[in-house]
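Source file: coords38.csv; contents: CSV, C-alpha atoms.
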chain,number,residue,atom,x,y,z
Y,1144,MET,CA,29.1,39.4,118.4
Y,1145,GLY,CA,30.0,41.8,115.6
Y,1146,ALA,CA,32.7,44.2,114.7
Y,1147,GLY,CA,32.6,47.6,113.2
Y,1148,HIS,CA,33.6,48.2,109.6
Y,1149,ASP,CA,35.7,51.0,108.1
Y,1150,HIS,CA,33.8,53.1,105.6
Y,1151,GLY,CA,36.9,54.7,104.2
Y,1152,ALA,CA,37.2,52.1,101.5
Y,1153,GLY,CA,33.6,52.8,100.3
Y,1154,SER,CA,34.4,56.5,99.9
Y,1155,ALA,CA,37.6,55.8,98.0
Y,1156,ASN,CA,35.7,53.4,95.7
Y,1157,ALA,CA,33.0,56.0,95.1
Y,1158,SER,CA,35.6,58.6,94.1
Y,1159,ALA,CA,37.4,56.1,91.8
Y,1160,LEU,CA,34.1,55.0,90.2
Y,1161,THR,CA,33.1,58.7,89.6
Y,1162,LYS,CA,36.3,59.5,87.8
Y,1163,ALA,CA,36.2,56.4,85.7
Y,1164,LEU,CA,32.6,57.0,84.9
Y,1165,ALA,CA,33.3,60.6,83.7
Y,1166,LEU,CA,36.1,59.3,81.4
Y,1167,THR,CA,34.2,56.5,79.8
Y,1168,GLY,CA,31.0,58.5,79.5
Y,1169,ILE,CA,32.7,61.3,77.6
Y,1170,PHE,CA,34.6,58.9,75.3
Y,1171,LEU,CA,31.6,56.7,74.7
Y,1172,ILE,CA,29.9,59.5,72.6
Y,1173,ALA,CA,33.1,59.9,70.5
Y,1174,GLU,CA,33.5,56.2,69.9
Y,1175,VAL,CA,29.9,55.6,68.8
Y,1176,VAL,CA,30.1,58.4,66.3
Y,1177,GLY,CA,33.4,57.1,65.1
Y,1178,ALA,CA,32.1,53.5,64.7
Y,1179,LEU,CA,29.2,54.8,62.6
Y,1180,LEU,CA,31.5,56.9,60.4
Y,1181,THR,CA,34.1,54.3,59.8
Y,1182,GLY,CA,31.8,51.3,59.4
Y,1183,SER,CA,34.0,49.2,61.7
Y,1184,LEU,CA,32.3,46.4,63.6
Y,1185,ALA,CA,35.4,45.9,65.7
Y,1186,LEU,CA,35.1,49.6,66.7
Y,1187,LEU,CA,31.4,49.2,67.3
Y,1188,SER,CA,32.2,46.1,69.4
Y,1189,ASP,CA,34.6,48.3,71.4
Y,1190,ALA,CA,31.9,51.0,71.6
Y,1191,ALA,CA,29.4,48.5,72.9
Y,1192,HIS,CA,31.8,47.4,75.6
Y,1193,MET,CA,32.4,51.1,76.4
Y,1194,MET,CA,28.6,51.5,76.7
Y,1195,THR,CA,28.4,48.6,79.2
Y,1196,ASP,CA,31.4,50.1,81.0
Y,1197,THR,CA,29.5,53.4,81.4
Y,1198,ALA,CA,26.3,51.7,82.5
Y,1199,GLY,CA,28.2,49.3,84.7
Y,1200,LEU,CA,30.2,52.1,86.4
Y,1201,ALA,CA,27.0,54.1,86.9
Y,1202,ILE,CA,25.3,51.1,88.5
Y,1203,ALA,CA,28.5,50.4,90.6
Y,1204,LEU,CA,28.6,53.9,91.8
Y,1205,ALA,CA,24.9,53.9,92.7
Y,1206,ALA,CA,25.6,50.6,94.6
Y,1207,VAL,CA,28.4,52.2,96.6
Y,1208,ARG,CA,26.2,55.2,97.5
Y,1209,ILE,CA,23.2,53.1,98.4
Y,1210,GLY,CA,25.3,50.5,100.2
Y,1211,ALA,CA,26.6,53.3,102.5
Y,1212,ARG,CA,23.2,53.9,103.9
Y,1213,PRO,CA,22.8,52.8,107.5
Y,1214,ALA,CA,20.6,49.9,108.6
Y,1215,ASP,CA,17.0,50.8,109.5
Y,1216,SER,CA,13.9,49.1,110.9
Y,1217,LYS,CA,13.1,47.5,107.6
Y,1218,ARG,CA,16.6,46.5,106.5
Y,1219,THR,CA,18.5,45.5,109.6
Y,1220,PHE,CA,21.6,44.5,107.5
Y,1221,GLY,CA,21.5,47.8,105.7
Y,1222,TYR,CA,21.9,48.1,101.9
Y,1223,LYS,CA,25.3,46.5,101.4
Y,1224,ARG,CA,23.9,43.6,99.4
Y,1225,PHE,CA,23.0,46.1,96.7
Y,1226,GLU,CA,26.6,46.0,95.7
Y,1227,ILE,CA,26.4,42.4,94.8
Y,1228,LEU,CA,23.2,42.9,92.8
Y,1229,ALA,CA,25.0,45.6,90.8
Y,1230,ALA,CA,27.9,43.3,90.1
Y,1231,ALA,CA,25.5,40.6,88.9
Y,1232,VAL,CA,23.8,43.1,86.6
Y,1233,ASN,CA,27.2,44.1,85.2
Y,1234,ALA,CA,28.0,40.4,84.4
Y,1235,LEU,CA,24.7,40.0,82.6
Y,1236,LEU,CA,25.3,43.1,80.6
Y,1237,LEU,CA,28.6,41.7,79.4
Y,1238,PHE,CA,26.9,38.4,78.4
Y,1239,VAL,CA,24.4,40.3,76.3
Y,1240,VAL,CA,27.0,42.4,74.6
Y,1241,ALA,CA,29.3,39.5,73.8
Y,1242,GLY,CA,26.3,37.6,72.3
Y,1243,TYR,CA,25.4,40.6,70.1
Y,1244,ILE,CA,29.0,41.0,68.9
Y,1245,LEU,CA,29.3,37.3,68.0
Y,1246,TYR,CA,26.0,37.5,66.0
Y,1247,GLU,CA,27.0,40.7,64.2
Y,1248,GLY,CA,30.5,39.3,63.5
Y,1249,ILE,CA,29.1,36.2,61.7
Y,1250,GLN,CA,26.8,38.5,59.7
Y,1251,ARG,CA,29.8,40.6,58.6
Y,1252,PHE,CA,31.5,37.5,57.2
Y,1253,VAL,CA,28.5,36.9,55.0
Y,1254,GLU,CA,28.1,40.6,54.0
Y,1255,PRO,CA,31.5,42.4,54.2
Y,1256,ALA,CA,31.4,46.2,54.8
Y,1257,GLU,CA,33.7,49.0,53.7
Y,1258,ILE,CA,35.9,50.2,56.5
Y,1259,GLN,CA,37.9,53.4,57.0
Y,1260,SER,CA,41.0,52.1,58.7
Y,1261,LEU,CA,42.8,55.3,59.7
Y,1262,PRO,CA,40.0,57.0,61.6
Y,1263,MET,CA,39.3,53.6,63.1
Y,1264,LEU,CA,42.9,53.5,64.3
Y,1265,ALA,CA,42.9,57.0,65.8
Y,1266,ILE,CA,39.7,56.4,67.8
Y,1267,ALA,CA,40.9,53.0,69.0
Y,1268,VAL,CA,44.2,54.5,70.3
Y,1269,LEU,CA,42.3,57.2,72.1
Y,1270,GLY,CA,40.0,54.5,73.6
Y,1271,LEU,CA,43.1,52.6,74.8
Y,1272,VAL,CA,44.4,55.6,76.6
Y,1273,VAL,CA,41.0,56.2,78.3
Y,1274,ASN,CA,40.8,52.6,79.4
Y,1275,LEU,CA,44.3,52.5,80.8
Y,1276,ILE,CA,43.6,55.6,82.9
Y,1277,SER,CA,40.3,54.1,84.1
Y,1278,MET,CA,42.0,50.8,85.0
Y,1279,ARG,CA,44.6,52.7,87.0
Y,1280,ILE,CA,41.9,54.6,88.9
Y,1281,LEU,CA,39.9,51.4,89.8
Y,1282,ASP,CA,42.9,49.1,90.5
Y,1283,ALA,CA,43.1,49.9,94.3
Y,1284,GLY,CA,39.5,48.9,95.0
Y,1285,ARG,CA,39.1,45.7,93.0
Y,1286,SER,CA,40.7,43.4,95.6
Y,1287,SER,CA,38.2,44.4,98.3
Y,1288,SER,CA,35.0,44.9,96.4
Y,1289,LEU,CA,33.3,42.6,93.8
Y,1290,ASN,CA,31.4,45.6,92.7
Y,1291,VAL,CA,34.6,47.5,91.8
Y,1292,LYS,CA,36.1,44.2,90.5
Y,1293,GLY,CA,33.1,44.0,88.0
Y,1294,ALA,CA,33.7,47.5,86.9
Y,1295,TYR,CA,37.4,46.9,86.5
Y,1296,LEU,CA,36.8,43.8,84.5
Y,1297,GLU,CA,34.6,45.6,82.1
Y,1298,VAL,CA,37.2,48.4,81.6
Y,1299,TRP,CA,39.9,45.7,81.3
Y,1300,SER,CA,37.9,43.8,78.6
Y,1301,ASP,CA,37.4,47.1,76.8
Y,1302,MET,CA,41.1,47.8,76.9
Y,1303,LEU,CA,41.7,44.5,75.2
Y,1304,GLY,CA,39.1,45.4,72.7
Y,1305,SER,CA,40.9,48.7,71.9
Y,1306,VAL,CA,44.1,46.7,71.4
Y,1307,GLY,CA,42.3,44.4,69.1
Y,1308,VAL,CA,40.8,47.2,67.1
Y,1309,ILE,CA,44.2,48.9,66.7
Y,1310,ILE,CA,45.7,45.7,65.3
Y,1311,ALA,CA,42.7,45.2,63.0
Y,1312,ALA,CA,42.9,48.8,61.8
Y,1313,LEU,CA,46.6,48.4,61.0
Y,1314,ILE,CA,46.1,45.2,59.1
Y,1315,ILE,CA,43.2,46.6,57.1
Y,1316,TRP,CA,45.2,49.7,56.3
Y,1317,ALA,CA,48.2,47.7,55.1
Y,1318,THR,CA,46.4,44.8,53.3
Y,1319,GLY,CA,42.7,45.8,52.7
Y,1320,TRP,CA,41.6,42.6,54.4
Y,1321,THR,CA,38.2,43.8,55.8
Y,1322,TRP,CA,37.4,40.3,57.1
Y,1323,VAL,CA,39.9,41.0,59.9
Y,1324,ASP,CA,37.4,43.5,61.4
Y,1325,PRO,CA,34.6,40.9,62.3
Y,1326,LEU,CA,37.3,38.4,63.2
Y,1327,VAL,CA,38.7,40.7,65.9
Y,1328,ALA,CA,35.2,41.6,67.0
Y,1329,ILE,CA,34.3,37.9,67.6
Y,1330,ALA,CA,37.7,37.4,69.3
Y,1331,ILE,CA,36.9,40.2,71.8
Y,1332,GLY,CA,33.5,38.6,72.6
Y,1333,VAL,CA,35.0,35.2,73.1
Y,1334,TRP,CA,37.8,36.5,75.3
Y,1335,VAL,CA,35.5,38.3,77.7
Y,1336,LEU,CA,33.0,35.4,78.3
Y,1337,PRO,CA,35.1,33.2,80.6
Y,1338,ARG,CA,36.0,36.1,82.9
Y,1339,THR,CA,32.4,37.3,82.9
Y,1340,TRP,CA,31.4,33.8,84.0
Y,1341,VAL,CA,33.8,33.9,86.9
Y,1342,LEU,CA,32.3,37.2,88.1
Y,1343,PHE,CA,28.8,35.9,87.7
Y,1344,LYS,CA,29.6,32.8,89.7
Y,1345,GLU,CA,31.1,34.8,92.5
Y,1346,THR,CA,28.1,37.1,92.8
Y,1347,THR,CA,25.6,34.2,92.5
Y,1348,ASN,CA,27.4,32.4,95.3
Y,1349,ILE,CA,27.0,35.5,97.6
Y,1350,LEU,CA,23.3,35.9,96.6
Y,1351,LEU,CA,22.7,32.2,97.4
Y,1352,GLU,CA,24.5,32.7,100.8
Y,1353,GLY,CA,27.2,30.2,99.8
Y,1354,VAL,CA,30.4,29.8,101.7
Y,1355,PRO,CA,32.7,32.7,100.7
Y,1356,GLU,CA,35.7,32.1,98.4
Y,1357,GLY,CA,38.8,31.2,100.4
Y,1358,ILE,CA,37.0,29.7,103.4
Y,1359,ASP,CA,36.8,26.0,103.8
Y,1360,LEU,CA,33.8,24.9,105.9
Y,1361,ASP,CA,35.5,21.7,107.2
Y,1362,SER,CA,38.4,23.8,108.4
Y,1363,VAL,CA,36.0,26.1,110.2
Y,1364,THR,CA,34.4,23.2,111.9
Y,1365,ALA,CA,37.7,21.7,112.9
Y,1366,ARG,CA,39.0,25.0,114.3
Y,1367,ILE,CA,35.8,25.5,116.4
Y,1368,SER,CA,35.9,21.9,117.6
Y,1369,SER,CA,39.5,22.3,118.8
Y,1370,THR,CA,38.8,25.4,120.8
Y,1371,PRO,CA,39.0,24.7,124.6
Y,1372,GLY,CA,35.6,24.5,126.2
Y,1373,VAL,CA,33.8,23.2,123.0
Y,1374,ALA,CA,32.4,19.7,123.2
Y,1375,SER,CA,30.6,19.7,119.8
Y,1376,ILE,CA,29.2,22.0,117.1
Y,1377,HIS,CA,26.1,22.0,114.9
Y,1378,ASP,CA,23.9,24.2,112.7
Y,1379,LEU,CA,27.0,25.9,111.3
Y,1380,HIS,CA,26.5,28.5,108.6
Y,1381,VAL,CA,29.1,30.7,106.8
Y,1382,TRP,CA,28.0,33.3,104.3
Y,1383,ALA,CA,28.8,36.8,103.1
Y,1384,LEU,CA,26.5,39.8,103.1
Y,1385,THR,CA,28.7,41.4,100.4
Y,1386,SER,CA,32.3,41.0,99.2
Y,1387,GLY,CA,34.8,41.2,102.1
Y,1388,MET,CA,32.2,40.8,104.8
Y,1389,PRO,CA,32.0,37.1,105.8
Y,1390,SER,CA,29.6,36.1,108.6
Y,1391,MET,CA,29.1,33.0,110.6
Y,1392,SER,CA,26.5,31.5,113.0
Y,1393,ALA,CA,26.6,28.3,114.9
Y,1394,HIS,CA,25.4,26.3,117.9
Y,1395,ILE,CA,28.3,25.2,120.2
Y,1396,VAL,CA,27.8,22.7,123.0
Y,1397,LEU,CA,30.0,23.3,126.0
Y,1398,ALA,CA,32.3,20.8,127.5
Y,1399,GLU,CA,31.7,19.8,131.1
Y,1400,GLY,CA,32.7,22.6,133.4
Y,1401,ALA,CA,33.5,25.1,130.6
Y,1402,ASP,CA,32.7,28.8,131.1
Y,1403,GLN,CA,30.3,29.9,128.4
Y,1404,ASP,CA,31.5,33.5,128.1
Y,1405,ALA,CA,35.2,32.5,127.9
Y,1406,THR,CA,34.4,29.8,125.3
Y,1407,ARG,CA,32.2,32.2,123.2
Y,1408,VAL,CA,35.0,34.8,123.2
Y,1409,ALA,CA,37.6,32.1,122.3
Y,1410,VAL,CA,35.6,30.9,119.4
Y,1411,THR,CA,34.9,34.4,118.1
Y,1412,ASP,CA,38.5,35.4,118.3
Y,1413,ALA,CA,39.6,32.1,116.5
Y,1414,MET,CA,37.2,32.9,113.6
Y,1415,HIS,CA,38.6,36.4,113.3
Y,1416,ASP,CA,42.2,35.5,113.6
Y,1417,THR,CA,42.1,32.3,111.4
Y,1418,PHE,CA,39.4,33.1,108.8
Y,1419,GLU,CA,39.0,36.9,109.1
Y,1420,ILE,CA,35.3,36.4,109.9
Y,1421,THR,CA,34.3,39.5,111.8
Y,1422,HIS,CA,30.6,39.0,112.3
Y,1423,VAL,CA,30.0,35.9,114.5
Y,1424,THR,CA,26.8,34.9,116.1
Y,1425,LEU,CA,26.9,31.9,118.5
Y,1426,GLN,CA,24.3,30.0,120.5
Y,1427,VAL,CA,26.0,28.4,123.5
Y,1428,GLU,CA,24.4,25.3,124.9
Y,1429,ARG,CA,25.0,23.1,128.0
Y,1430,ALA,CA,23.4,20.3,126.1
Y,1431,ASP,CA,22.7,19.7,122.4
Y,1432,CYS,CA,19.4,21.4,121.6
Y,1433,ARG,CA,18.7,18.8,119.0
Y,1434,SER,CA,18.3,16.2,121.7
Y,1435,GLY,CA,15.2,17.9,123.1
Y,1436,ARG,CA,16.9,18.4,126.5
Y,1437,GLU,CA,16.9,21.8,128.3
Y,1438,HIS,CA,19.6,24.1,127.1
Y,1439,HIS,CA,20.8,27.6,127.7
Y,1440,GLY,CA,21.0,30.1,124.7
Y,1441,LEU,CA,23.3,33.1,124.4
Y,1442,HIS,CA,23.3,35.3,121.4
Entire entry expressed as C-alpha cells:
Amino acid sequence: MGAGHDHGAGSANASALTKALALTGIFLIAEVVGALLTGSLALLSDAAHMMTDTAGLAIALAAVRIGARPADSKRTFGYKRFEILAAAVNALLLFVVAGYILYEGIQRFVEPAEIQSLPMLAIAVLGLVVNLISMRILDAGRSSSLNVKGAYLEVWSDMLGSVGVIIAALIIWATGWTWVDPLVAIAIGVWVLPRTWVLFKETTNILLEGVPEGIDLDSVTARISSTPGVASIHDLHVWALTSGMPSMSAHIVLAEGADQDATRVAVTDAMHDTFEITHVTLQVERADCRSGREHHGLH
C-alpha cells in the first residue's frame, strides 16, 4: 500500500538551486581571476570550494529535474534515487578539493609566495556576501532533501572559507606574515572534512538500502507485533528510496481469527503515524511461510 507524494517541494528546490547556481557561477570567474592576480592560496582554496559549489549545484539541479520524471516500464521506482547519487558525488568532490588544498598548503610553507592582501580582502568580502545569499536561498530545502543539504553544506563551507580569507588578508596586510595564507587554507580543508564525511555516510546508507536515520528497527518490530491481529512478523526490511521517502516491507502472521484486511490497514496506519513510513508493502499469512505450510499472500 503506498501513498502519493507532493512534488511542490521538488519545484521549490529546483528554483532555489537555480538561483544559487547563477550566483556562484558568476562569482566563480571573478574569484579565480582574483586568486591568480593576488597569489593567495587561501583565496584559491576559496575559489576551489566555489568551483565545487558550482559543479555541485549543477549536479543537484540536474538530480531534481531528473528525479521529477515519472516511473516507466524500465524504472518502476522512477528516478528519485538519482538525487542521492548526486549528493554522493558532491561529497566526493569536497574530499578531493580538501586533499588538494592540504597538499598545496604544505607546499606554500616550504616555498612562501608574495600576496596582495587588499585585493584578496575585497574579493573575499564579495564572496562572503554571495555565499550568505546562496545559503539563505537553500536553507528551506536542506531539511527535506539530502541533495539540497549537500549543496547547502558546500556553500556553507565556502562561506567559512571566505571568512578565513578575510581574516588572513587583514593579518597579512597588518603584519606581512604571508605564512598565515597557507595556514588558513589548510584550516578550511580540515574544517570541511568531518561534515563531508557525515554527508557521505548518509548517502552511502541510502544507496546500501540501510535503515533510514531516525528509525529504529527494533521499535518498528515491536510496534508491528503489538498491533491487534498480528501473531508474529518476519522478513522485515526498512529502507529509503531517497531522502524523506522511507519504505518498508514485511511478512506478518495473523493471530487466530484475525481479519487480514483490517490487520493490514492497522499495521500500515501504525507505520505512517509512528514512523512516517508512507510506502508499506505487507504479505499477510495465516501461517508462517517459513514453516513450509500453506499460506495466503496479500500484497
Review point. Suppose you want the space between atom CA of Leu1200 of chain Y and atom CA of Ile1349 of chain Y; what is it in Å?
Key: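 Atom CA of Leu1200 of chain Y sits 20.3 Å away from atom CA of Ile1349 of chain Y.
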Study note, to complete from the structure: Shortest contact to Ser1386 of chain Y, candidates Y:Val1291, Y:Ala1165, Y:Ala1330, Y:Leu1296, atoms counted all atoms listed in the file, goes to Y:Val1291
So that I can see what lies close to segment 1214-1228 of chain Y, please list as a PDB file with C-alpha atoms, in the frame of the given file the residues with an atom at most 8 Å from it, counting all atoms listed in the file and leaving out residues fewer than 6 positions away in the same chain.
ATOM      1  CA  ALA Y1203      28.500  50.400  90.600  1.00  0.00           C
ATOM      2  CA  ALA Y1206      25.600  50.600  94.600  1.00  0.00           C
ATOM      3  CA  VAL Y1207      28.400  52.200  96.600  1.00  0.00           C
ATOM      4  CA  LEU Y1289      33.300  42.600  93.800  1.00  0.00           C
ATOM      5  CA  ASN Y1290      31.400  45.600  92.700  1.00  0.00           C
ATOM      6  CA  THR Y1346      28.100  37.100  92.800  1.00  0.00           C
ATOM      7  CA  ILE Y1349      27.000  35.500  97.600  1.00  0.00           C
ATOM      8  CA  LEU Y1350      23.300  35.900  96.600  1.00  0.00           C
ATOM      9  CA  LEU Y1384      26.500  39.800 103.100  1.00  0.00           C
ATOM     10  CA  THR Y1385      28.700  41.400 100.400  1.00  0.00           C
ATOM     11  CA  SER Y1386      32.300  41.000  99.200  1.00  0.00           C
TER      12      SER Y1386
END
Point to revise | Shell of 12 Å around Asp1416 of chain Y, all atoms listed in the file, local chain residues under 5 positions omitted, as a PyMOL selection string | key: chain Y and resi 1363+1366+1409-1411+1421
Practice item. Would you mind telling me which residue in Y:Asp1431, Y:Asp1412, Y:Glu1356, Y:Glu1174 lies nearest to Ala1383 of chain Y when using only C-alpha atoms? Key: Y:Glu1356
Practice item. Would you mind reading off the distance between atom CA of Ile1329 of chain Y and atom CA of Gly1248 of chain Y, one decimal, in Å? Key: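 Atom-to-atom, atom CA of Ile1329 of chain Y to atom CA of Gly1248 of chain Y, that is 5.8 Å.
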Exercise for review: Please provide as a count of residues only all residues within 12 Å of Ser1392 of chain Y, with the sequence filter that same-chain residues fewer than 6 positions apart are discarded (counting only C-alpha atoms).
Suggested key: 27
Exercise for review: Please determine the residues with any atom at most 8 Å from (30.6, 45.3, 67.5) (coordinates as given in the file, with all atoms listed in the file counting) and report them as a list in words.
Suggested key: Ser1183, Leu1184, Ala1185, Leu1186, Leu1187, Ser1188, Asp1189, Ala1190, Ala1191, Tyr1243, Ile1244, Glu1247, Gly1248, Pro1325 and Ala1328 of chain Y
Review point. From the set Y:Ala1163, Y:Ala1311, Y:Val1253, Y:Met1263, which residue has the shortest atom-to-atom contact distance to Val1175 of chain Y, counting all atoms listed in the file?
Key: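 The answer is Y:Met1263, which sits nearest to Val1175 of chain Y.
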Review point. Using all atoms listed in the file, which of the listed residues (Y:Met1302, Y:Ala1265, Y:Ile1249, Y:Val1323) sits closest to Met1278 of chain Y?
Key: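 Selected residue with least distance to Met1278 of chain Y: Y:Met1302.
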Point to revise | Residue with smallest distance to Thr1347 of chain Y - pool Y:Trp1322, Y:Ile1172, Y:Ala1229, Y:Leu1180, counting all atoms listed in the file | key: Y:Ala1229
Residue rebuild result segment 1211-1225 of chain Y, N, CA and C atoms as a PDB file, in the frame of the given file:
ATOM      1  N   ALA Y1211      26.130  52.517 101.343  1.00  0.00           N
ATOM      2  CA  ALA Y1211      26.600  53.300 102.500  1.00  0.00           C
ATOM      3  C   ALA Y1211      25.527  53.702 103.450  1.00  0.00           C
ATOM      4  N   ARG Y1212      24.267  53.530 103.024  1.00  0.00           N
ATOM      5  CA  ARG Y1212      23.200  53.900 103.900  1.00  0.00           C
ATOM      6  C   ARG Y1212      23.136  53.044 105.148  1.00  0.00           C
ATOM      7  N   PRO Y1213      22.826  53.602 106.298  1.00  0.00           N
ATOM      8  CA  PRO Y1213      22.800  52.800 107.500  1.00  0.00           C
ATOM      9  C   PRO Y1213      21.609  51.855 107.571  1.00  0.00           C
ATOM     10  N   ALA Y1214      21.706  50.874 108.429  1.00  0.00           N
ATOM     11  CA  ALA Y1214      20.600  49.900 108.600  1.00  0.00           C
ATOM     12  C   ALA Y1214      19.401  50.690 109.208  1.00  0.00           C
ATOM     13  N   ASP Y1215      18.203  50.181 108.921  1.00  0.00           N
ATOM     14  CA  ASP Y1215      17.000  50.800 109.500  1.00  0.00           C
ATOM     15  C   ASP Y1215      16.058  49.691 109.954  1.00  0.00           C
ATOM     16  N   SER Y1216      14.849  50.081 110.339  1.00  0.00           N
ATOM     17  CA  SER Y1216      13.900  49.100 110.900  1.00  0.00           C
ATOM     18  C   SER Y1216      13.390  48.114 109.890  1.00  0.00           C
ATOM     19  N   LYS Y1217      13.521  48.420 108.611  1.00  0.00           N
ATOM     20  CA  LYS Y1217      13.100  47.500 107.600  1.00  0.00           C
ATOM     21  C   LYS Y1217      14.186  46.645 107.002  1.00  0.00           C
ATOM     22  N   ARG Y1218      15.407  47.186 107.010  1.00  0.00           N
ATOM     23  CA  ARG Y1218      16.600  46.500 106.500  1.00  0.00           C
ATOM     24  C   ARG Y1218      17.661  46.496 107.542  1.00  0.00           C
ATOM     25  N   THR Y1219      17.622  45.508 108.428  1.00  0.00           N
ATOM     26  CA  THR Y1219      18.500  45.500 109.600  1.00  0.00           C
ATOM     27  C   THR Y1219      19.972  45.263 109.208  1.00  0.00           C
ATOM     28  N   PHE Y1220      20.214  44.707 108.015  1.00  0.00           N
ATOM     29  CA  PHE Y1220      21.600  44.500 107.500  1.00  0.00           C
ATOM     30  C   PHE Y1220      22.037  45.718 106.702  1.00  0.00           C
ATOM     31  N   GLY Y1221      21.185  46.711 106.537  1.00  0.00           N
ATOM     32  CA  GLY Y1221      21.500  47.800 105.700  1.00  0.00           C
ATOM     33  C   GLY Y1221      21.352  47.528 104.223  1.00  0.00           C
ATOM     34  N   TYR Y1222      22.104  48.207 103.366  1.00  0.00           N
ATOM     35  CA  TYR Y1222      21.900  48.100 101.900  1.00  0.00           C
ATOM     36  C   TYR Y1222      23.173  47.568 101.216  1.00  0.00           C
ATOM     37  N   LYS Y1223      24.081  46.958 101.967  1.00  0.00           N
ATOM     38  CA  LYS Y1223      25.300  46.500 101.400  1.00  0.00           C
ATOM     39  C   LYS Y1223      25.172  45.442 100.326  1.00  0.00           C
ATOM     40  N   ARG Y1224      24.135  44.639 100.423  1.00  0.00           N
ATOM     41  CA  ARG Y1224      23.900  43.600  99.400  1.00  0.00           C
ATOM     42  C   ARG Y1224      23.624  44.158  98.049  1.00  0.00           C
ATOM     43  N   PHE Y1225      23.220  45.438  97.991  1.00  0.00           N
ATOM     44  CA  PHE Y1225      23.000  46.100  96.700  1.00  0.00           C
ATOM     45  C   PHE Y1225      24.196  46.059  95.805  1.00  0.00           C
TER      46      PHE Y1225
END
